[in-house]
Amino acid sequence: MTDAKPNTTTASGGGVESVDRALSIVGCFQAGDHALSLTEIAARTGLYKSTILRLTVSLEKAGYLVRHQDKSFRLGPELMRLGGLYQRSLRLEDHVRPVLRQLMRESGESASFFRREGAWRICAFREDSTQAIRDHVHEGDRLPLDRGAAGHVLTRFAEKASAADFAALPLLSFGERESETGAAAVPVFSQREGLVGALTLSGPLTRFTEERVAVMMPLLRAAGHRLSETLGGHYPS
């Protein structure tokens with residue numbers, strides 16, 4: 001662990017080190033965390049407790065963190081406001097939601113739309129299956145980029161893809177991120193961004209049989225093609 005340095009210190013990768021440290025505190029929260037203690041934040045960020053306490057004063061003032069009476073911290077309301085602005089700025093929801101709902105109805109499985117954010121994939125939009133047993137992912141969840149069908153799509157199609165890559169769609173994963181979950185995913189392209197996200201169907205492995213996957217694949221591929229066309233992107237047949 002290293003203690004805090006003056007705000008003007010430049011981080012080795014560029015930027016301001018104190019800002020990087022403050023952001024690491026906000027970023028250490030994970031799905032399912034209601035609140036984190038000072039000790040837990042220190043363990044996750046590698047910062048001294050004294051450094052964390054100084055930085056959290058500013059984060060609290062800005063609304064990024066809230067401190068409980070027991071001295072634990074939770075994420076603050078400013079992040080919800082920014083999250084809403086982020087989603088609205090994408091202008092994707094009006095196009096993506098109907099596709100997800102149709103996919104969920106036709107396949108019976110949960111449909112999600114993931115975007116890449118650095119070394120992670122973020123669930124931007126989600127329509128849960130109506131079946132009692134399903135995988136549990138929520139909008140805003142941050143998941144590994146190196147595991148799961150959506151992660152593979154966001155990695156493989158980030159650069160120019162070959163005809164063979166498109167012919168292999170959808171990409172499949174079985175028990176990679178969670179041992180009992182299967183998934184299938186295709187890329188979505190827009191005119192402005194190129195690869196804009198990954199469209200995914202996921203559910204229990206018990207329902208990802210060869211027969212069910214054979215039904216899901218053309219549904220998912222057609223949905224990816226349709227959504228890409230809507231966004232002005234190119235999706236080879």
# chains A, B, ... in the order shown; residues from 1 in each chain; ligands from 1
>>> select_by_dssp(residues="segment 126-225 of chain A", states="strand (DSSP E or B)", output="number ranges by chain")
A: 126-127, 142-144, 171-174, 181-190, 194-204
>>> write_last_selection(atoms="N, CA and C atoms", output="compact mmCIF listing (two decimals), in the first residue's frame")
# COMPACT_ATOMS: atom_id res chain seq x y z
N ARG A 126 -31.56 -5.45 -19.90
CA ARG A 126 -31.84 -6.85 -19.57
C ARG A 126 -33.34 -7.09 -19.52
N GLU A 127 -33.78 -8.22 -20.08
CA GLU A 127 -35.16 -8.68 -19.95
C GLU A 127 -35.11 -10.11 -19.41
N ARG A 142 -21.29 -5.51 -13.59
CA ARG A 142 -20.00 -5.54 -14.28
C ARG A 142 -19.46 -6.96 -14.22
N LEU A 143 -19.25 -7.57 -15.38
CA LEU A 143 -18.83 -8.97 -15.47
C LEU A 143 -17.50 -9.08 -16.21
N PRO A 144 -16.79 -10.19 -16.01
CA PRO A 144 -15.49 -10.36 -16.67
C PRO A 144 -15.61 -10.38 -18.19
N LEU A 171 -21.66 -17.04 -30.84
CA LEU A 171 -20.67 -17.68 -30.00
C LEU A 171 -21.35 -18.24 -28.76
N LEU A 172 -20.88 -19.39 -28.30
CA LEU A 172 -21.52 -20.09 -27.18
C LEU A 172 -20.55 -20.24 -26.01
N SER A 173 -21.09 -20.30 -24.82
CA SER A 173 -20.29 -20.62 -23.64
C SER A 173 -21.13 -21.50 -22.73
N PHE A 174 -20.46 -22.45 -22.09
CA PHE A 174 -21.14 -23.38 -21.20
C PHE A 174 -20.38 -23.46 -19.88
N THR A 181 -24.47 -22.16 -15.87
CA THR A 181 -25.10 -21.23 -16.80
C THR A 181 -24.52 -21.39 -18.21
N GLY A 182 -25.41 -21.33 -19.20
CA GLY A 182 -25.01 -21.32 -20.59
C GLY A 182 -25.41 -20.02 -21.23
N ALA A 183 -24.75 -19.66 -22.33
CA ALA A 183 -25.06 -18.39 -23.00
C ALA A 183 -24.70 -18.47 -24.48
N ALA A 184 -25.39 -17.66 -25.26
CA ALA A 184 -25.11 -17.49 -26.68
C ALA A 184 -25.14 -16.00 -26.97
N ALA A 185 -24.26 -15.51 -27.85
CA ALA A 185 -24.17 -14.08 -28.08
C ALA A 185 -23.77 -13.76 -29.51
N VAL A 186 -24.23 -12.60 -29.98
CA VAL A 186 -23.85 -12.08 -31.30
C VAL A 186 -23.48 -10.61 -31.15
N PRO A 187 -22.67 -10.08 -32.06
CA PRO A 187 -22.31 -8.65 -31.99
C PRO A 187 -23.42 -7.77 -32.56
N VAL A 188 -23.41 -6.53 -32.14
CA VAL A 188 -24.31 -5.50 -32.68
C VAL A 188 -23.44 -4.33 -33.11
N PHE A 189 -23.68 -3.82 -34.32
CA PHE A 189 -22.88 -2.75 -34.87
C PHE A 189 -23.73 -1.51 -35.13
N SER A 190 -23.11 -0.34 -34.99
CA SER A 190 -23.78 0.90 -35.35
C SER A 190 -22.92 1.64 -36.35
N GLY A 194 -19.26 1.43 -34.79
CA GLY A 194 -18.82 0.09 -35.17
C GLY A 194 -19.44 -0.89 -34.19
N LEU A 195 -18.61 -1.70 -33.54
CA LEU A 195 -19.13 -2.63 -32.54
C LEU A 195 -19.69 -1.84 -31.35
N VAL A 196 -20.98 -1.97 -31.13
CA VAL A 196 -21.61 -1.20 -30.07
C VAL A 196 -21.98 -2.06 -28.86
N GLY A 197 -22.05 -3.38 -29.04
CA GLY A 197 -22.39 -4.23 -27.91
C GLY A 197 -22.59 -5.68 -28.34
N ALA A 198 -23.03 -6.48 -27.38
CA ALA A 198 -23.29 -7.90 -27.62
C ALA A 198 -24.69 -8.23 -27.14
N LEU A 199 -25.43 -8.89 -28.00
CA LEU A 199 -26.79 -9.34 -27.70
C LEU A 199 -26.69 -10.79 -27.23
N THR A 200 -27.31 -11.10 -26.09
CA THR A 200 -27.06 -12.39 -25.45
C THR A 200 -28.34 -13.05 -24.96
N LEU A 201 -28.40 -14.36 -25.10
CA LEU A 201 -29.39 -15.19 -24.43
C LEU A 201 -28.65 -16.05 -23.41
N SER A 202 -29.20 -16.16 -22.20
CA SER A 202 -28.53 -16.96 -21.16
C SER A 202 -29.56 -17.63 -20.28
N GLY A 203 -29.12 -18.74 -19.68
CA GLY A 203 -30.01 -19.48 -18.79
C GLY A 203 -29.32 -20.71 -18.23
N PRO A 204 -30.05 -21.54 -17.50
CA PRO A 204 -29.46 -22.73 -16.90
C PRO A 204 -28.94 -23.71 -17.95
>>> residues_around(residues="Met104 of chain A", least_positions_apart="4", cutoff="10 Å", atoms="only C-alpha atoms", output="list of chain:residue names")
A:Pro98, A:Val99, A:Leu100, A:Gly108, A:Glu109, A:Ser110, A:Ala111, A:Ser112, A:Arg126, A:Glu127, A:Asp128, A:Ser129, A:Thr130, A:Leu201, A:Ser202
>>> select_by_dssp(residues="segment 114-156 of chain A", states="alpha helix (DSSP H)", output="list in words")
Ala149, Ala150, Gly151, His152, Val153, Leu154, Thr155 and Arg156 of chain A
>>> atom_distance(atom1="atom CA of Cys28 of chain A", atom2="atom CA of Leu92 of chain A")
27.1 Å
>>> residues_around(residues="Leu231 of chain A", least_positions_apart="3", cutoff="7 Å", atoms="only C-alpha atoms", output="number ranges by chain")
A: 190-191, 227-228
>>> closest_residue(among="A:Met216, A:Arg54, A:Pro77, A:Ala31", to="Arg105 of chain A", atoms="only C-alpha atoms")
A:Met216
>>> residues_around(residues="Arg67 of chain A", least_positions_apart="2", cutoff="12 Å", atoms="only C-alpha atoms", output="PyMOL selection string")
chain A and resi 34-38+53+56-61+63-65+69-76
>>> closest_residue(among="A:Leu145, A:Leu103, A:Ile25, A:Leu55", to="Arg221 of chain A", atoms="only C-alpha atoms")
A:Leu103
>>> atom_distance(atom1="atom CA of Gly15 of chain A", atom2="atom CA of Gly83 of chain A")
22.9 Å
>>> closest_residue(among="A:Asp135, A:Asp165, A:Glu193, A:Asp94", to="Arg207 of chain A", atoms="only C-alpha atoms")
A:Asp135
>>> closest_atom_pairs(of="segment 152-180 of chain A", to="segment 115-118 of chain A", cutoff="12 Å", atoms="only C-alpha atoms", output="Markdown table")
| residue | atom | partner | partner_atom | distance |
| --- | --- | --- | --- | --- |
| A:His152 | CA | A:Arg116 | CA | 10.9 |
| A:Val153 | CA | A:Arg116 | CA | 10.0 |
| A:Leu154 | CA | A:Arg116 | CA | 6.6 |
| A:Thr155 | CA | A:Arg116 | CA | 8.7 |
| A:Arg156 | CA | A:Arg116 | CA | 11.9 |
| A:Phe157 | CA | A:Arg116 | CA | 11.3 |
| A:Ala158 | CA | A:Arg116 | CA | 9.5 |
>>> atom_distance(atom1="atom CA of His68 of chain A", atom2="atom CA of Ser50 of chain A")
17.8 Å
